[in-house]
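Peer 1: PDB, C-alpha atoms and all ligand atoms, saved as query-v2.pdb, coming up:
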ATOM      1  CA  MET G   1     -28.024  86.661 133.040
ATOM      2  CA  LYS G   2     -29.763  83.364 132.206
ATOM      3  CA  ARG G   3     -33.447  82.586 132.160
ATOM      4  CA  LEU G   4     -34.544  80.171 134.858
ATOM      5  CA  GLU G   5     -38.111  79.114 135.628
ATOM      6  CA  LYS G   6     -40.925  80.104 133.257
ATOM      7  CA  ILE G   7     -43.470  81.825 135.483
ATOM      8  CA  TYR G   8     -45.858  83.055 132.801
ATOM      9  CA  GLU G   9     -46.744  81.883 129.309
ATOM     10  CA  GLY G  10     -48.320  84.718 127.392
ATOM     11  CA  LYS G  11     -49.762  84.920 123.891
ATOM     12  CA  SER G  12     -46.623  86.474 122.433
ATOM     13  CA  LYS G  13     -44.111  86.467 125.299
ATOM     14  CA  ASN G  14     -42.995  84.193 128.100
ATOM     15  CA  ILE G  15     -41.697  85.523 131.389
ATOM     16  CA  HIS G  16     -38.847  83.822 133.220
ATOM     17  CA  THR G  17     -37.194  84.359 136.583
ATOM     18  CA  THR G  18     -33.448  85.055 136.851
ATOM     19  CA  GLU G  19     -30.879  84.677 139.662
ATOM     20  CA  ASP G  20     -31.881  88.193 140.736
ATOM     21  CA  PRO G  21     -35.321  88.198 142.396
ATOM     22  CA  ASP G  22     -35.835  91.765 141.221
ATOM     23  CA  LEU G  23     -35.258  91.005 137.543
ATOM     24  CA  LEU G  24     -37.147  88.961 134.952
ATOM     25  CA  ILE G  25     -36.536  87.984 131.343
ATOM     26  CA  GLN G  26     -39.162  88.622 128.658
ATOM     27  CA  TYR G  27     -38.787  86.042 125.898
ATOM     28  CA  PHE G  28     -40.393  87.218 122.636
ATOM     29  CA  LYS G  29     -42.093  84.432 120.646
ATOM     30  CA  ASP G  30     -43.262  84.276 117.021
ATOM     31  CA  ASP G  31     -46.790  83.279 118.095
ATOM     32  CA  ALA G  32     -49.468  85.675 116.953
ATOM     33  CA  SER G  33     -53.049  85.967 118.158
ATOM     34  CA  ALA G  34     -55.939  88.299 117.499
ATOM     35  CA  PHE G  35     -59.587  88.844 118.401
ATOM     36  CA  ASN G  36     -58.997  87.873 122.030
ATOM     37  CA  GLY G  37     -57.161  84.670 121.117
ATOM     38  CA  ILE G  38     -59.714  83.346 118.602
ATOM     39  CA  LYS G  39     -57.341  83.720 115.642
ATOM     40  CA  LYS G  40     -53.950  82.128 116.128
ATOM     41  CA  GLY G  41     -50.864  81.799 113.965
ATOM     42  CA  GLU G  42     -47.184  82.434 113.655
ATOM     43  CA  ILE G  43     -45.214  85.278 112.110
ATOM     44  CA  VAL G  44     -41.678  84.054 111.476
ATOM     45  CA  ASP G  45     -39.086  86.180 113.342
ATOM     46  CA  LYS G  46     -41.765  88.448 114.828
ATOM     47  CA  GLY G  47     -40.233  87.909 118.275
ATOM     48  CA  ILE G  48     -36.908  89.273 117.080
ATOM     49  CA  VAL G  49     -38.519  92.345 115.490
ATOM     50  CA  ASN G  50     -40.670  93.068 118.540
ATOM     51  CA  ASN G  51     -37.761  92.709 120.960
ATOM     52  CA  HIS G  52     -35.488  95.042 118.988
ATOM     53  CA  VAL G  53     -38.198  97.591 118.176
ATOM     54  CA  SER G  54     -39.365  97.682 121.820
ATOM     55  CA  ALA G  55     -35.797  98.078 123.052
ATOM     56  CA  ALA G  56     -35.129 100.966 120.658
ATOM     57  CA  ILE G  57     -38.331 102.720 121.732
ATOM     58  CA  PHE G  58     -37.747 102.146 125.463
ATOM     59  CA  LYS G  59     -34.230 103.547 125.068
ATOM     60  CA  PHE G  60     -35.587 106.608 123.264
ATOM     61  CA  LEU G  61     -38.236 107.150 125.965
ATOM     62  CA  GLU G  62     -35.695 106.733 128.803
ATOM     63  CA  GLY G  63     -33.646 109.457 127.127
ATOM     64  CA  LYS G  64     -36.708 111.700 127.320
ATOM     65  CA  GLY G  65     -37.222 111.015 131.033
ATOM     66  CA  ILE G  66     -39.864 108.267 130.824
ATOM     67  CA  LYS G  67     -38.915 105.405 133.140
ATOM     68  CA  THR G  68     -39.405 101.914 131.724
ATOM     69  CA  HIS G  69     -38.915  98.390 133.012
ATOM     70  CA  MET G  70     -36.142  97.646 130.494
ATOM     71  CA  VAL G  71     -32.686  96.955 131.879
ATOM     72  CA  LYS G  72     -31.145  95.772 128.611
ATOM     73  CA  GLU G  73     -31.525  93.566 125.583
ATOM     74  CA  LEU G  74     -29.797  90.245 126.206
ATOM     75  CA  ASN G  75     -30.012  88.829 122.682
ATOM     76  CA  ASP G  76     -32.398  88.662 119.703
ATOM     77  CA  ARG G  77     -35.351  87.362 121.686
ATOM     78  CA  GLU G  78     -34.666  88.216 125.323
ATOM     79  CA  MET G  79     -35.026  91.452 127.245
ATOM     80  CA  LEU G  80     -33.953  91.801 130.871
ATOM     81  CA  VAL G  81     -36.591  93.781 132.767
ATOM     82  CA  LYS G  82     -37.398  94.954 136.263
ATOM     83  CA  LYS G  83     -40.089  92.943 138.002
ATOM     84  CA  LEU G  84     -43.328  94.908 138.082
ATOM     85  CA  ASP G  85     -46.553  94.697 139.981
ATOM     86  CA  ILE G  86     -48.616  95.146 136.812
ATOM     87  CA  ILE G  87     -51.494  97.616 136.944
ATOM     88  CA  LEU G  88     -54.456  95.779 135.405
ATOM     89  CA  VAL G  89     -55.384  98.722 133.214
ATOM     90  CA  GLU G  90     -54.397  98.960 129.553
ATOM     91  CA  VAL G  91     -53.917 102.536 128.406
ATOM     92  CA  VAL G  92     -54.749 103.101 124.731
ATOM     93  CA  LEU G  93     -53.747 106.316 122.937
ATOM     94  CA  ARG G  94     -55.237 107.292 119.589
ATOM     95  CA  ASN G  95     -54.284 109.892 117.008
ATOM     96  CA  VAL G  96     -56.262 108.606 114.014
ATOM     97  CA  VAL G  97     -59.606 106.776 113.911
ATOM     98  CA  ALA G  98     -59.197 102.995 113.493
ATOM     99  CA  GLY G  99     -60.159  99.652 115.016
ATOM    100  CA  SER G 100     -62.677  99.628 117.842
ATOM    101  CA  LEU G 101     -62.970 103.448 117.857
ATOM    102  CA  ALA G 102     -64.186 103.450 114.238
ATOM    103  CA  LYS G 103     -66.789 100.843 115.191
ATOM    104  CA  ARG G 104     -67.863 102.436 118.470
ATOM    105  CA  MET G 105     -68.297 105.935 117.033
ATOM    106  CA  GLY G 106     -69.318 104.987 113.475
ATOM    107  CA  ARG G 107     -66.476 107.006 111.968
ATOM    108  CA  PRO G 108     -64.401 106.212 108.885
ATOM    109  CA  GLU G 109     -60.993 104.710 109.508
ATOM    110  CA  GLY G 110     -58.211 107.183 108.809
ATOM    111  CA  GLU G 111     -59.889 110.347 110.123
ATOM    112  CA  THR G 112     -57.231 112.344 111.998
ATOM    113  CA  LEU G 113     -58.258 113.354 115.521
ATOM    114  CA  LYS G 114     -57.945 117.024 116.501
ATOM    115  CA  ASN G 115     -56.685 115.925 119.918
ATOM    116  CA  PRO G 116     -55.401 112.541 121.027
ATOM    117  CA  ILE G 117     -57.898 110.238 122.755
ATOM    118  CA  LEU G 118     -56.871 108.273 125.841
ATOM    119  CA  GLU G 119     -58.872 105.190 126.807
ATOM    120  CA  PHE G 120     -58.690 102.622 129.593
ATOM    121  CA  TYR G 121     -59.372  98.893 129.258
ATOM    122  CA  TYR G 122     -59.549  96.322 132.055
ATOM    123  CA  LYS G 123     -56.652  93.898 131.481
ATOM    124  CA  ASN G 124     -58.614  90.661 131.768
ATOM    125  CA  ASP G 125     -58.466  88.081 128.958
ATOM    126  CA  ASP G 126     -61.456  86.098 130.274
ATOM    127  CA  LEU G 127     -63.605  89.218 129.926
ATOM    128  CA  GLY G 128     -62.031  90.257 126.589
ATOM    129  CA  ASP G 129     -60.408  93.425 127.995
ATOM    130  CA  PRO G 130     -63.568  95.561 128.316
ATOM    131  CA  MET G 131     -63.396  99.340 128.118
ATOM    132  CA  ILE G 132     -63.582 101.081 131.500
ATOM    133  CA  ASN G 133     -63.180 104.591 132.917
ATOM    134  CA  GLU G 134     -61.667 106.234 136.012
ATOM    135  CA  TYR G 135     -64.723 105.400 138.087
ATOM    136  CA  HIS G 136     -64.355 101.664 137.449
ATOM    137  CA  ILE G 137     -60.619 101.821 138.142
ATOM    138  CA  ARG G 138     -61.196 103.584 141.464
ATOM    139  CA  GLU G 139     -64.230 101.572 142.554
ATOM    140  CA  PHE G 140     -62.645  98.174 141.905
ATOM    141  CA  GLY G 141     -59.249  99.160 143.289
ATOM    142  CA  LEU G 142     -57.242  98.698 140.087
ATOM    143  CA  ALA G 143     -55.274 101.883 140.763
ATOM    144  CA  THR G 144     -55.305 104.851 143.152
ATOM    145  CA  ASP G 145     -56.313 108.390 142.175
ATOM    146  CA  ASP G 146     -52.645 109.415 142.016
ATOM    147  CA  GLU G 147     -51.855 106.449 139.815
ATOM    148  CA  ILE G 148     -54.763 107.213 137.471
ATOM    149  CA  GLU G 149     -53.452 110.760 137.123
ATOM    150  CA  MET G 150     -50.001 109.391 136.383
ATOM    151  CA  LEU G 151     -51.341 106.955 133.752
ATOM    152  CA  CYS G 152     -53.000 109.862 131.935
ATOM    153  CA  GLU G 153     -49.995 112.161 132.238
ATOM    154  CA  LYS G 154     -47.462 109.535 131.158
ATOM    155  CA  GLY G 155     -49.724 108.149 128.430
ATOM    156  CA  LEU G 156     -50.229 111.551 126.796
ATOM    157  CA  LYS G 157     -46.543 112.456 127.135
ATOM    158  CA  ILE G 158     -45.453 109.147 125.579
ATOM    159  CA  ASN G 159     -47.927 109.676 122.745
ATOM    160  CA  GLN G 160     -46.493 113.128 122.035
ATOM    161  CA  LEU G 161     -42.924 111.801 122.043
ATOM    162  CA  LEU G 162     -43.701 108.741 119.936
ATOM    163  CA  TRP G 163     -45.795 110.629 117.371
ATOM    164  CA  ASP G 164     -42.715 112.720 116.544
ATOM    165  CA  TYR G 165     -40.361 109.740 116.802
ATOM    166  CA  PHE G 166     -42.370 107.695 114.311
ATOM    167  CA  LYS G 167     -43.048 110.689 112.038
ATOM    168  CA  GLU G 168     -39.321 111.259 111.687
ATOM    169  CA  ARG G 169     -39.152 107.657 110.512
ATOM    170  CA  LYS G 170     -42.010 108.069 108.009
ATOM    171  CA  ILE G 171     -44.541 106.190 110.129
ATOM    172  CA  ARG G 172     -47.988 107.429 111.223
ATOM    173  CA  LEU G 173     -48.675 106.339 114.818
ATOM    174  CA  VAL G 174     -52.416 105.695 114.515
ATOM    175  CA  ASP G 175     -52.972 104.163 117.967
ATOM    176  CA  PHE G 176     -51.203 102.023 120.539
ATOM    177  CA  LYS G 177     -51.542 100.286 123.875
ATOM    178  CA  LEU G 178     -49.406 100.802 126.974
ATOM    179  CA  GLU G 179     -49.082  98.865 130.205
ATOM    180  CA  PHE G 180     -47.606 100.177 133.421
ATOM    181  CA  GLY G 181     -46.496  98.595 136.687
ATOM    182  CA  ARG G 182     -45.342  99.474 140.168
ATOM    183  CA  HIS G 183     -41.692  99.028 141.117
ATOM    184  CA  LYS G 184     -40.116 100.291 144.371
ATOM    185  CA  GLY G 185     -42.600 103.129 144.728
ATOM    186  CA  GLU G 186     -42.437 104.193 141.109
ATOM    187  CA  ILE G 187     -44.668 103.656 138.099
ATOM    188  CA  LEU G 188     -42.690 102.218 135.195
ATOM    189  CA  LEU G 189     -43.732 101.629 131.600
ATOM    190  CA  GLY G 190     -43.817  97.868 131.042
ATOM    191  CA  ASP G 191     -44.665  95.203 128.472
ATOM    192  CA  GLU G 192     -43.541  96.050 124.906
ATOM    193  CA  ILE G 193     -44.061  98.674 122.217
ATOM    194  CA  SER G 194     -44.079  96.932 118.856
ATOM    195  CA  PRO G 195     -46.204  96.396 115.719
ATOM    196  CA  ASP G 196     -48.222  93.891 117.799
ATOM    197  CA  GLY G 197     -49.691  96.604 120.015
ATOM    198  CA  CYS G 198     -49.527  99.675 117.780
ATOM    199  CA  ARG G 199     -51.212 100.643 114.528
ATOM    200  CA  LEU G 200     -48.432 101.905 112.294
ATOM    201  CA  TRP G 201     -49.178 103.249 108.819
ATOM    202  CA  HIS G 202     -46.599 104.303 106.266
ATOM    203  CA  TRP G 203     -46.567 108.125 106.350
ATOM    204  CA  ASP G 204     -46.734 108.529 102.544
ATOM    205  CA  THR G 205     -48.980 105.659 101.482
ATOM    206  CA  ASN G 206     -50.976 104.854 104.660
ATOM    207  CA  GLU G 207     -50.081 101.218 104.107
ATOM    208  CA  LYS G 208     -50.621  99.174 107.280
ATOM    209  CA  MET G 209     -47.402  97.839 108.826
ATOM    210  CA  ASP G 210     -48.750  96.237 111.992
ATOM    211  CA  LYS G 211     -50.831  93.396 113.392
ATOM    212  CA  ASP G 212     -53.865  94.412 111.333
ATOM    213  CA  ARG G 213     -52.098  92.620 108.428
ATOM    214  CA  PHE G 214     -52.385  89.407 110.450
ATOM    215  CA  ARG G 215     -55.836  90.180 111.870
ATOM    216  CA  PHE G 216     -57.370  90.764 108.435
ATOM    217  CA  ASP G 217     -55.177  88.473 106.289
ATOM    218  CA  LEU G 218     -53.691  91.364 104.313
ATOM    219  CA  GLY G 219     -50.562  89.364 103.429
ATOM    220  CA  GLN G 220     -46.888  90.347 103.690
ATOM    221  CA  VAL G 221     -47.115  90.238 107.473
ATOM    222  CA  LYS G 222     -43.506  89.240 108.113
ATOM    223  CA  GLU G 223     -42.268  91.666 105.427
ATOM    224  CA  LYS G 224     -44.086  94.659 106.898
ATOM    225  CA  TYR G 225     -42.932  93.884 110.470
ATOM    226  CA  GLU G 226     -39.390  93.756 109.092
ATOM    227  CA  GLU G 227     -39.923  97.056 107.264
ATOM    228  CA  VAL G 228     -40.858  98.652 110.588
ATOM    229  CA  TYR G 229     -37.745  97.130 112.118
ATOM    230  CA  HIS G 230     -35.553  98.722 109.439
ATOM    231  CA  MET G 231     -37.338 102.078 109.631
ATOM    232  CA  ILE G 232     -36.756 102.137 113.418
ATOM    233  CA  CYS G 233     -33.494 100.310 113.949
ATOM    234  CA  GLY G 234     -31.795 101.123 110.635
TER
HETATM  235  N1  LIG O 301     -54.321  96.721 121.532
HETATM  236  C1  LIG O 301     -53.447  95.803 122.083
HETATM  237  N2  LIG O 301     -53.934  94.830 122.905
HETATM  238  C2  LIG O 301     -55.247  94.722 123.208
HETATM  239  C3  LIG O 301     -56.147  95.647 122.636
HETATM  240  C4  LIG O 301     -55.647  96.646 121.808
HETATM  241  O1  LIG O 301     -52.235  95.873 121.861
HETATM  242  O2  LIG O 301     -55.619  93.807 123.972
HETATM  243  C5  LIG O 301     -53.809  97.783 120.649
HETATM  244  C6  LIG O 301     -54.167  97.539 119.201
HETATM  245  O3  LIG O 301     -53.137  96.843 118.525
HETATM  246  C7  LIG O 301     -54.321  98.950 118.660
HETATM  247  C8  LIG O 301     -54.785  99.770 119.881
HETATM  248  O4  LIG O 301     -54.423  99.001 121.010
HETATM  249  O5  LIG O 301     -53.064  99.455 118.242
HETATM  250  C9  LIG O 301     -56.271 100.044 119.867
HETATM  251  O6  LIG O 301     -56.970  98.845 119.693
HETATM  252  P1  LIG O 301     -58.547  98.835 119.463
HETATM  253  O7  LIG O 301     -59.222  99.317 120.698
HETATM  254  O8  LIG O 301     -58.853  99.558 118.207
HETATM  255  O9  LIG O 301     -58.936  97.314 119.381
HETATM  256  P2  LIG O 301     -58.813  96.258 118.225
HETATM  257  O10 LIG O 301     -59.331  96.870 116.980
HETATM  258  O11 LIG O 301     -57.348  95.931 118.180
HETATM  259  O12 LIG O 301     -59.652  95.132 118.741
END
Rewrite the structure from the file as structure tokens, please.
Peer 2:
Amino acid sequence: MKRLEKIYEGKSKNIHTTEDPDLLIQYFKDDASAFNGIKKGEIVDKGIVNNHVSAAIFKFLEGKGIKTHMVKELNDREMLVKKLDIILVEVVLRNVVAGSLAKRMGRPEGETLKNPILEFYYKNDDLGDPMINEYHIREFGLATDDEIEMLCEKGLKINQLLWDYFKERKIRLVDFKLEFGRHKGEILLGDEISPDGCRLWHWDTNEKMDKDRFRFDLGQVKEKYEEVYHMICG
């Protein structure tokens, strides 16, 4: 399957059509951005890491009964995926206090949560992805009641599965973001699951191995992404 027309240029991925109208190709770039696009840069080979890590995680989740948009990895930077009608709600799951939660609640980063927290954000770059709740989603028609229920159910289930998956690989899954889309009457997990959209800390040392290294100029960005790759993909 070859990539044809580029129909979307994202911050870290481009989306291309294929000969099959039902299938698209996600092309993973090395471009990095943070703080709603204000900070920009490049992490060499990040696209390769994110493609392989996402594919490994999608495969694991499929094996546990979570349907995803992935059809297969085509090569180092390309993933063949089912075309989705993306739900404009980002689902964030948290197990440990960090990032915007630390700020919002005035809590120290690193505090383990007794129960996971699920949050919704409106997927809208112009507005900076503001936090929303079920009432906003319903009122502004972003998703139906059934879909909201499904986002919660799937989000929490995925969190449970991935917490154990990462723990087995010596990684603490602090928080992460999921996107879902509609496809032939089903809700599929879309986008990617990679160090770009997850906070991943080394289980023993709590060393950050994710995009926070880029966000806050912590150094060794490429090295830590590659460490995650090896811890996940061997
Ligand atoms: N996240 C993401 N895309 C976004 C916003 C958040 O992938 O547009 C991820 C982020 O990498 C982190 C989690 O979601 O793993 C929670 O992010 P948070 O709300 O703490 O915001 P941030 O501190 O990243 O601004």
Peer 1: Mind checking which residues fall within 10 Å of range 2-16 of chain G, counting all atoms listed in the file, ignoring those fewer than 5 positions away in the same chain, and posting them as JSON, numbers by chain?
Peer 2: {"G": [23, 24, 25, 26, 27, 28, 29, 30, 31, 32, 33, 34, 36, 37, 40, 42, 46, 47, 50, 51, 74, 77, 78, 79, 80, 81, 191, 192, 196]}
Peer 1: Please, which residues have at least one atom within 9 Å of an atom of ligand LIG 301 (chain O), using all atoms listed in the file, listed as a VMD selection string?
Peer 2: chain G and resid 34 to 36 90 to 94 97 to 103 119 121 123 to 125 128 to 129 131 173 to 178 193 to 200 210 to 212 215
Peer 1: Which residues come within 9 Å of Ile232 in chain G, counting only C-alpha atoms, excluding same-chain residues fewer than 3 positions away, as a list of chain:residue names?
Peer 2: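 The residues that qualify are G:Val53, G:Ala56, G:Ile57, G:Phe166, G:Arg169, G:Glu227, G:Val228, G:Tyr229.
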Peer 1: Could those residues be written to a file, using C-alpha atoms, as an mmCIF file, keeping the file's coordinate frame?
Peer 2:
data_model
loop_
_atom_site.group_PDB
_atom_site.id
_atom_site.type_symbol
_atom_site.label_atom_id
_atom_site.label_comp_id
_atom_site.auth_asym_id
_atom_site.auth_seq_id
_atom_site.Cartn_x
_atom_site.Cartn_y
_atom_site.Cartn_z
ATOM 1 C CA VAL G 53 -38.198 97.591 118.176
ATOM 2 C CA ALA G 56 -35.129 100.966 120.658
ATOM 3 C CA ILE G 57 -38.331 102.720 121.732
ATOM 4 C CA PHE G 166 -42.370 107.695 114.311
ATOM 5 C CA ARG G 169 -39.152 107.657 110.512
ATOM 6 C CA GLU G 227 -39.923 97.056 107.264
ATOM 7 C CA VAL G 228 -40.858 98.652 110.588
ATOM 8 C CA TYR G 229 -37.745 97.130 112.118
#
Peer 1: Of the residues G:His52, G:Lys114, G:Lys157, G:Lys82, which is the one nearest to Gly65 in chain G, using only C-alpha atoms?
Peer 2: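 With only C-alpha atoms as the atom set, the closest residue is G:Lys157.
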Peer 1: At what distance in Å, to one decimal, does CA of Met70 in chain G lie from CA of Met1 in chain G?
Peer 2: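 Computing the Euclidean distance for CA of Met1 in chain G and CA of Met70 in chain G yields 13.9 Å.
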Peer 1: Would you mind reading off the distance between CA of Gly155 in chain G and CA of Gly110 in chain G, one decimal, in Å?
Peer 2: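 Here the two named atoms are 21.4 Å from each other.
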Peer 1: Could you please determine the separation between CA of Gly190 in chain G and CA of His69 in chain G in Å, to one decimal place?
Peer 2: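 Value for the CA of Gly190 in chain G-CA of His69 in chain G distance: 5.3 Å.
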Peer 1: What would range 96-125 of chain G look like with N, CA and C atoms restored, written as a PDB file, in the coordinates of the input?
Peer 2:
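Okay, this is what ended up in part-v6.pdb:
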ATOM      1  N   VAL G  96     -55.507 108.757 115.261  1.00  0.00           N
ATOM      2  CA  VAL G  96     -56.262 108.606 114.014  1.00  0.00           C
ATOM      3  C   VAL G  96     -57.342 107.553 114.284  1.00  0.00           C
ATOM      4  N   VAL G  97     -58.516 107.739 113.703  1.00  0.00           N
ATOM      5  CA  VAL G  97     -59.606 106.776 113.911  1.00  0.00           C
ATOM      6  C   VAL G  97     -59.272 105.442 113.250  1.00  0.00           C
ATOM      7  N   ALA G  98     -59.401 104.356 114.020  1.00  0.00           N
ATOM      8  CA  ALA G  98     -59.197 102.995 113.493  1.00  0.00           C
ATOM      9  C   ALA G  98     -59.778 102.004 114.506  1.00  0.00           C
ATOM     10  N   GLY G  99     -59.817 100.744 114.109  1.00  0.00           N
ATOM     11  CA  GLY G  99     -60.159  99.652 115.016  1.00  0.00           C
ATOM     12  C   GLY G  99     -61.471  99.853 115.752  1.00  0.00           C
ATOM     13  N   SER G 100     -61.437  99.614 117.053  1.00  0.00           N
ATOM     14  CA  SER G 100     -62.677  99.628 117.842  1.00  0.00           C
ATOM     15  C   SER G 100     -63.268 101.036 117.948  1.00  0.00           C
ATOM     16  N   LEU G 101     -62.438 102.071 117.796  1.00  0.00           N
ATOM     17  CA  LEU G 101     -62.970 103.448 117.857  1.00  0.00           C
ATOM     18  C   LEU G 101     -63.850 103.724 116.636  1.00  0.00           C
ATOM     19  N   ALA G 102     -63.410 103.255 115.468  1.00  0.00           N
ATOM     20  CA  ALA G 102     -64.186 103.450 114.238  1.00  0.00           C
ATOM     21  C   ALA G 102     -65.561 102.797 114.402  1.00  0.00           C
ATOM     22  N   LYS G 103     -65.557 101.598 114.981  1.00  0.00           N
ATOM     23  CA  LYS G 103     -66.789 100.843 115.191  1.00  0.00           C
ATOM     24  C   LYS G 103     -67.698 101.523 116.215  1.00  0.00           C
ATOM     25  N   ARG G 104     -67.087 101.883 117.349  1.00  0.00           N
ATOM     26  CA  ARG G 104     -67.863 102.436 118.470  1.00  0.00           C
ATOM     27  C   ARG G 104     -68.519 103.752 118.095  1.00  0.00           C
ATOM     28  N   MET G 105     -67.795 104.600 117.338  1.00  0.00           N
ATOM     29  CA  MET G 105     -68.297 105.935 117.033  1.00  0.00           C
ATOM     30  C   MET G 105     -68.883 106.045 115.635  1.00  0.00           C
ATOM     31  N   GLY G 106     -68.784 104.956 114.834  1.00  0.00           N
ATOM     32  CA  GLY G 106     -69.318 104.987 113.475  1.00  0.00           C
ATOM     33  C   GLY G 106     -68.593 105.980 112.586  1.00  0.00           C
ATOM     34  N   ARG G 107     -67.280 106.061 112.749  1.00  0.00           N
ATOM     35  CA  ARG G 107     -66.476 107.006 111.968  1.00  0.00           C
ATOM     36  C   ARG G 107     -65.602 106.253 110.977  1.00  0.00           C
ATOM     37  N   PRO G 108     -65.266 106.888 109.861  1.00  0.00           N
ATOM     38  CA  PRO G 108     -64.401 106.212 108.885  1.00  0.00           C
ATOM     39  C   PRO G 108     -62.977 106.072 109.409  1.00  0.00           C
ATOM     40  N   GLU G 109     -62.380 104.920 109.121  1.00  0.00           N
ATOM     41  CA  GLU G 109     -60.993 104.710 109.508  1.00  0.00           C
ATOM     42  C   GLU G 109     -60.109 105.704 108.757  1.00  0.00           C
ATOM     43  N   GLY G 110     -59.164 106.283 109.465  1.00  0.00           N
ATOM     44  CA  GLY G 110     -58.211 107.183 108.809  1.00  0.00           C
ATOM     45  C   GLY G 110     -58.455 108.652 109.123  1.00  0.00           C
ATOM     46  N   GLU G 111     -59.603 108.954 109.763  1.00  0.00           N
ATOM     47  CA  GLU G 111     -59.889 110.347 110.123  1.00  0.00           C
ATOM     48  C   GLU G 111     -58.918 110.783 111.227  1.00  0.00           C
ATOM     49  N   THR G 112     -58.192 111.869 110.985  1.00  0.00           N
ATOM     50  CA  THR G 112     -57.231 112.344 111.998  1.00  0.00           C
ATOM     51  C   THR G 112     -57.987 113.040 113.125  1.00  0.00           C
ATOM     52  N   LEU G 113     -57.605 112.744 114.365  1.00  0.00           N
ATOM     53  CA  LEU G 113     -58.258 113.354 115.521  1.00  0.00           C
ATOM     54  C   LEU G 113     -57.637 114.727 115.783  1.00  0.00           C
ATOM     55  N   LYS G 114     -58.484 115.689 116.203  1.00  0.00           N
ATOM     56  CA  LYS G 114     -57.945 117.024 116.501  1.00  0.00           C
ATOM     57  C   LYS G 114     -57.040 116.955 117.728  1.00  0.00           C
ATOM     58  N   ASN G 115     -57.468 116.153 118.703  1.00  0.00           N
ATOM     59  CA  ASN G 115     -56.685 115.925 119.918  1.00  0.00           C
ATOM     60  C   ASN G 115     -56.590 114.437 120.154  1.00  0.00           C
ATOM     61  N   PRO G 116     -55.502 113.972 120.763  1.00  0.00           N
ATOM     62  CA  PRO G 116     -55.401 112.541 121.027  1.00  0.00           C
ATOM     63  C   PRO G 116     -56.506 112.085 121.985  1.00  0.00           C
ATOM     64  N   ILE G 117     -56.921 110.837 121.835  1.00  0.00           N
ATOM     65  CA  ILE G 117     -57.898 110.238 122.755  1.00  0.00           C
ATOM     66  C   ILE G 117     -57.174 109.217 123.609  1.00  0.00           C
ATOM     67  N   LEU G 118     -57.436 109.261 124.918  1.00  0.00           N
ATOM     68  CA  LEU G 118     -56.871 108.273 125.841  1.00  0.00           C
ATOM     69  C   LEU G 118     -58.025 107.413 126.368  1.00  0.00           C
ATOM     70  N   GLU G 119     -57.833 106.113 126.318  1.00  0.00           N
ATOM     71  CA  GLU G 119     -58.872 105.190 126.807  1.00  0.00           C
ATOM     72  C   GLU G 119     -58.265 104.190 127.773  1.00  0.00           C
ATOM     73  N   PHE G 120     -59.114 103.679 128.675  1.00  0.00           N
ATOM     74  CA  PHE G 120     -58.690 102.622 129.593  1.00  0.00           C
ATOM     75  C   PHE G 120     -59.446 101.333 129.274  1.00  0.00           C
ATOM     76  N   TYR G 121     -58.745 100.221 129.369  1.00  0.00           N
ATOM     77  CA  TYR G 121     -59.372  98.893 129.258  1.00  0.00           C
ATOM     78  C   TYR G 121     -58.943  98.056 130.447  1.00  0.00           C
ATOM     79  N   TYR G 122     -59.859  97.223 130.947  1.00  0.00           N
ATOM     80  CA  TYR G 122     -59.549  96.322 132.055  1.00  0.00           C
ATOM     81  C   TYR G 122     -58.762  95.147 131.491  1.00  0.00           C
ATOM     82  N   LYS G 123     -57.528  94.972 131.984  1.00  0.00           N
ATOM     83  CA  LYS G 123     -56.652  93.898 131.481  1.00  0.00           C
ATOM     84  C   LYS G 123     -57.130  92.569 132.052  1.00  0.00           C
ATOM     85  N   ASN G 124     -58.032  91.923 131.317  1.00  0.00           N
ATOM     86  CA  ASN G 124     -58.614  90.661 131.768  1.00  0.00           C
ATOM     87  C   ASN G 124     -59.061  89.853 130.549  1.00  0.00           C
ATOM     88  N   ASP G 125     -58.215  88.871 130.167  1.00  0.00           N
ATOM     89  CA  ASP G 125     -58.466  88.081 128.958  1.00  0.00           C
ATOM     90  C   ASP G 125     -59.814  87.372 128.996  1.00  0.00           C
TER      91      ASP G 125
END
